[in-house]
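First up is the structure itself, then whatever we jot down about it.
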Amino acid sequence: MADKRWSLEGTTALVTGGTKGIGRNEAELNACLLDWKGKGFHVTGAVADASSRAQREKLIETVSSTFGGKLNVLVYVPPF
C-alpha cells in the first residue's frame, strides 16, 4: 500500500509565476498545461498581472468557478 501522507490528491492549488519560469509566456504555459493534462491532472491556466487588483479578482473568480470554490494551496512565485 502506498504511503498517502504526502499525497495532494483531491486538493486544489493556485501557482503564480513571474516573468521567468512557468510565467514566461502564454505559449509555454499552454505547453505545460497540455503536459499536465496528459498526466491526468485537472488543470487550467490563465495569464494575469498579479499587481492589478482587477486581474487578481478575475483570477480568483476563475479558480472559484473552475474548482467549486475550493483552494487548498497557494504558491506565490515572486518575479525575479
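Scheme for the C-alpha cells: letters A, B, ... for chains in order shown; per-chain residue numbers from 1; ligand numbers from 1 in order shown.
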
Extract, using only C-alpha atoms, all DNA, RNA and protein residues at most 9 Å from Val47 of chain A, discarding same-chain residues fewer than 6 positions from it, and format them as an MDAnalysis selection string.
chainID A and resid 23 25:26 29 59

Can you list, as a tab-separated table (two decimals) with N, CA and C atoms, in the first residue's frame, all residues belonging to chain A that DSSP tags as alpha helix (DSSP H)?
chain	number	residue	atom	x	y	z
A	26	GLU	N	2.47	32.86	-22.65
A	26	GLU	CA	1.27	32.05	-22.76
A	26	GLU	C	1.52	30.75	-23.52
A	27	ALA	N	2.38	30.76	-24.52
A	27	ALA	CA	2.67	29.55	-25.29
A	27	ALA	C	3.32	28.49	-24.39
A	28	GLU	N	4.27	28.90	-23.56
A	28	GLU	CA	4.92	27.95	-22.66
A	28	GLU	C	3.95	27.46	-21.59
A	29	LEU	N	3.08	28.35	-21.10
A	29	LEU	CA	2.07	27.95	-20.14
A	29	LEU	C	1.17	26.87	-20.75
A	30	ASN	N	0.72	27.10	-21.99
A	30	ASN	CA	-0.15	26.12	-22.65
A	30	ASN	C	0.55	24.78	-22.86
A	31	ALA	N	1.84	24.81	-23.15
A	31	ALA	CA	2.60	23.57	-23.30
A	31	ALA	C	2.65	22.81	-21.97
A	32	CYS	N	2.86	23.53	-20.88
A	32	CYS	CA	2.86	22.89	-19.55
A	32	CYS	C	1.49	22.30	-19.24
A	33	LEU	N	0.44	23.04	-19.54
A	33	LEU	CA	-0.92	22.56	-19.27
A	33	LEU	C	-1.20	21.27	-20.03
A	34	LEU	N	-0.81	21.22	-21.30
A	34	LEU	CA	-1.01	20.00	-22.09
A	34	LEU	C	-0.25	18.82	-21.49
A	35	ASP	N	0.96	19.07	-21.04
A	35	ASP	CA	1.76	18.02	-20.42
A	35	ASP	C	1.08	17.50	-19.16
A	36	TRP	N	0.63	18.42	-18.29
A	36	TRP	CA	-0.01	18.02	-17.04
A	36	TRP	C	-1.34	17.32	-17.29
A	37	LYS	N	-2.10	17.79	-18.26
A	37	LYS	CA	-3.37	17.13	-18.60
A	37	LYS	C	-3.10	15.72	-19.10
A	38	GLY	N	-2.04	15.55	-19.87
A	38	GLY	CA	-1.65	14.24	-20.36
A	38	GLY	C	-1.29	13.27	-19.23
A	53	ARG	N	-5.29	44.70	-9.17
A	53	ARG	CA	-6.38	44.21	-8.33
A	53	ARG	C	-7.48	43.56	-9.17
A	54	ALA	N	-7.87	44.22	-10.26
A	54	ALA	CA	-8.95	43.70	-11.11
A	54	ALA	C	-8.58	42.32	-11.68
A	55	GLN	N	-7.33	42.16	-12.11
A	55	GLN	CA	-6.90	40.88	-12.67
A	55	GLN	C	-6.79	39.80	-11.60
A	56	ARG	N	-6.36	40.18	-10.40
A	56	ARG	CA	-6.32	39.22	-9.29
A	56	ARG	C	-7.72	38.74	-8.96
A	57	GLU	N	-8.68	39.67	-8.89
A	57	GLU	CA	-10.07	39.31	-8.58
A	57	GLU	C	-10.64	38.39	-9.65
A	58	LYS	N	-10.35	38.69	-10.91
A	58	LYS	CA	-10.83	37.83	-12.01
A	58	LYS	C	-10.21	36.44	-11.91
A	59	LEU	N	-8.93	36.38	-11.57
A	59	LEU	CA	-8.26	35.09	-11.42
A	59	LEU	C	-8.91	34.26	-10.31
A	60	ILE	N	-9.18	34.88	-9.18
A	60	ILE	CA	-9.80	34.17	-8.06
A	60	ILE	C	-11.21	33.71	-8.44
A	61	GLU	N	-11.94	34.53	-9.18
A	61	GLU	CA	-13.28	34.12	-9.66
A	61	GLU	C	-13.15	32.88	-10.55
A	62	THR	N	-12.13	32.88	-11.43
A	62	THR	CA	-11.91	31.74	-12.32
A	62	THR	C	-11.59	30.48	-11.52
A	63	VAL	N	-10.69	30.61	-10.55
A	63	VAL	CA	-10.33	29.46	-9.71
A	63	VAL	C	-11.57	28.96	-8.97
A	64	SER	N	-12.34	29.89	-8.42
A	64	SER	CA	-13.53	29.53	-7.66
A	64	SER	C	-14.55	28.78	-8.52
A	65	SER	N	-14.81	29.29	-9.71
A	65	SER	CA	-15.81	28.64	-10.57
A	65	SER	C	-15.30	27.32	-11.15
A	66	THR	N	-14.01	27.25	-11.45
A	66	THR	CA	-13.45	26.03	-12.04
A	66	THR	C	-13.35	24.90	-11.03

Give me the residues near segment 8-12 of chain A as an MDAnalysis selection string, where near means some atom within 7 Å (using only C-alpha atoms) and where sequence neighbours in that chain fewer than 2 positions away do not count.
chainID A and resid 6 14 70:73

When you draw a straight line from atom CA of Asp3 of chain A to atom CA of Val15 of chain A, how long is it in Å?
24.9 Å

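Pairwise distance (atom CA of Gly17 of chain A, atom CA of Val77 of chain A) equals 5.2 Å.
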
Could you jot down the atom CA of Asp49 of chain A to atom CA of Pro78 of chain A separation for me, Å, one decimal place?
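It comes out at 11.9 Å.
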